[in-house]
Amino acid sequence: MATECSISPAFDIVALAASAGGLNALSCILSSLPADFPARIVVVQHMSGQHRSFLAEILNRCTPLRVKQAEEGEQVIPGTVYVAAPDRHLLVNLDSTVSLTQTEKVHSVRPSAEILFKSVAEKYQKRALAVILTGANMDGSKGVEAIKKMGGKVIAQDESTSQVFGMPAAAIDTGCVDWILPLDKIADAIKNLVMGGQI
């Protein structure tokens, strides 16, 4: 009989993107994921590039998972949450290492969900799960199209629980979102999808 730890996850990576209201949304989701969560987690939160970010430290206090600011060239591994550095786009390369770039801003932001989602789609294809959370502007809408084109799945936060519905609404308008969920249902959906392949 297979034990829980021997079950292969249905998704290898979960990519989350947020802007306004994102700290609360990310805290809510990550606090509900178990320490032995078997997938990699990468996070883009829009932030000012003028100051040091304490996002990783704040999120570390609310989740049993290890949370760290991503570093150039490091390998992304399951059970760890990698957050984008201020004023750097975060990409996951084909060898599962991280790249941090200062290439042009996308939708006037850096880091951008578009850049992260497109890199995750290319590397992980149908084993990628993207989650687009509360935030302004359209960041992530082209990225979710890339995720779907490569066979991955997309969750968007619903309007009633979003502080700002711009990012989820733009993603939903693409027709590439598989599930529109209230914030308090997203963590369970991620767990069920990663562990069992369905909600």
# chains A, B, ... in the order shown; residues from 1 in each chain; ligands from 1
$ residues_around --residues "stretch 111-122 of chain A" --least-positions-apart "2" --cutoff "6 Å" --atoms "only C-alpha atoms" --output "PyMOL selection string"
chain A and resi 17+87-92+109+124-125+139-140+143+146-147
$ select_by_dssp --residues "stretch 15-198 of chain A" --states "strand (DSSP E or B)" --output "ChimeraX atom specification"
/A:15-18,40-45,66-69,75,80-83,89-92,97-101,106,109,128-132,153-157,179-181
$ closest_residue --among "A:Val42, A:Pro86, A:Pro78, A:Leu100" --to "A:Phe54" --atoms "only C-alpha atoms"
A:Pro86
$ residues_around --residues "A:Gly196" --least-positions-apart "2" --cutoff "10 Å" --atoms "only C-alpha atoms" --output "NGL selection string"
:A and (7-11 or 190-194 or 198-199)
$ closest_atom_pairs --of "stretch 42-152 of chain A" --to "stretch 167-179 of chain A" --cutoff "8 Å" --atoms "only C-alpha atoms" --output "tab-separated table"
residue	atom	partner	partner_atom	distance
A:Ile132	CA	A:Pro168	CA	5.8
A:Leu133	CA	A:Pro168	CA	6.0
A:Thr134	CA	A:Met167	CA	6.3
A:Gly135	CA	A:Met167	CA	5.2
A:Ala136	CA	A:Met167	CA	5.5
A:Asn137	CA	A:Met167	CA	5.6
A:Met138	CA	A:Met167	CA	5.0
A:Asp139	CA	A:Met167	CA	5.9
A:Gly140	CA	A:Ala171	CA	6.6
A:Ser141	CA	A:Ala171	CA	4.5
A:Lys142	CA	A:Ala171	CA	7.9
A:Val144	CA	A:Cys176	CA	6.4
A:Glu145	CA	A:Cys176	CA	5.9
A:Lys148	CA	A:Cys176	CA	6.1
$ write_last_selection --atoms "C-alpha atoms" --output "mmCIF file, in the first residue's frame"
data_model
loop_
_atom_site.group_PDB
_atom_site.id
_atom_site.type_symbol
_atom_site.label_atom_id
_atom_site.label_comp_id
_atom_site.auth_asym_id
_atom_site.auth_seq_id
_atom_site.Cartn_x
_atom_site.Cartn_y
_atom_site.Cartn_z
ATOM 1 C CA ILE A 132 -3.931 34.972 -9.615
ATOM 2 C CA LEU A 133 -4.959 36.979 -6.574
ATOM 3 C CA THR A 134 -6.215 40.426 -5.642
ATOM 4 C CA GLY A 135 -4.482 43.334 -7.362
ATOM 5 C CA ALA A 136 -4.782 46.248 -9.747
ATOM 6 C CA ASN A 137 -3.981 46.361 -13.472
ATOM 7 C CA MET A 138 -3.884 43.467 -15.953
ATOM 8 C CA ASP A 139 -0.674 41.767 -14.843
ATOM 9 C CA GLY A 140 -0.866 38.013 -15.303
ATOM 10 C CA SER A 141 -3.470 37.924 -18.079
ATOM 11 C CA LYS A 142 -0.991 36.965 -20.812
ATOM 12 C CA VAL A 144 -2.417 32.617 -17.679
ATOM 13 C CA GLU A 145 -2.885 32.253 -21.430
ATOM 14 C CA LYS A 148 -3.354 27.148 -20.422
#
$ atom_distance --atom1 "atom CA of A:Val98" --atom2 "atom CA of A:Val81"
12.4 Å
$ select_by_dssp --residues "stretch 1-198 of chain A" --states "helix (DSSP H, G or I)" --output "VMD selection string"
chain A and resid 4 to 6 22 to 30 55 to 60 113 to 127 141 to 149 159 to 161 166 to 173 183 to 196
$ residues_around --residues "A:Ala187" --least-positions-apart "5" --cutoff "12 Å" --atoms "only C-alpha atoms" --output "PyMOL selection string"
chain A and resi 14+16+25-34+37+63+131+155-157+181-182+192-194+199
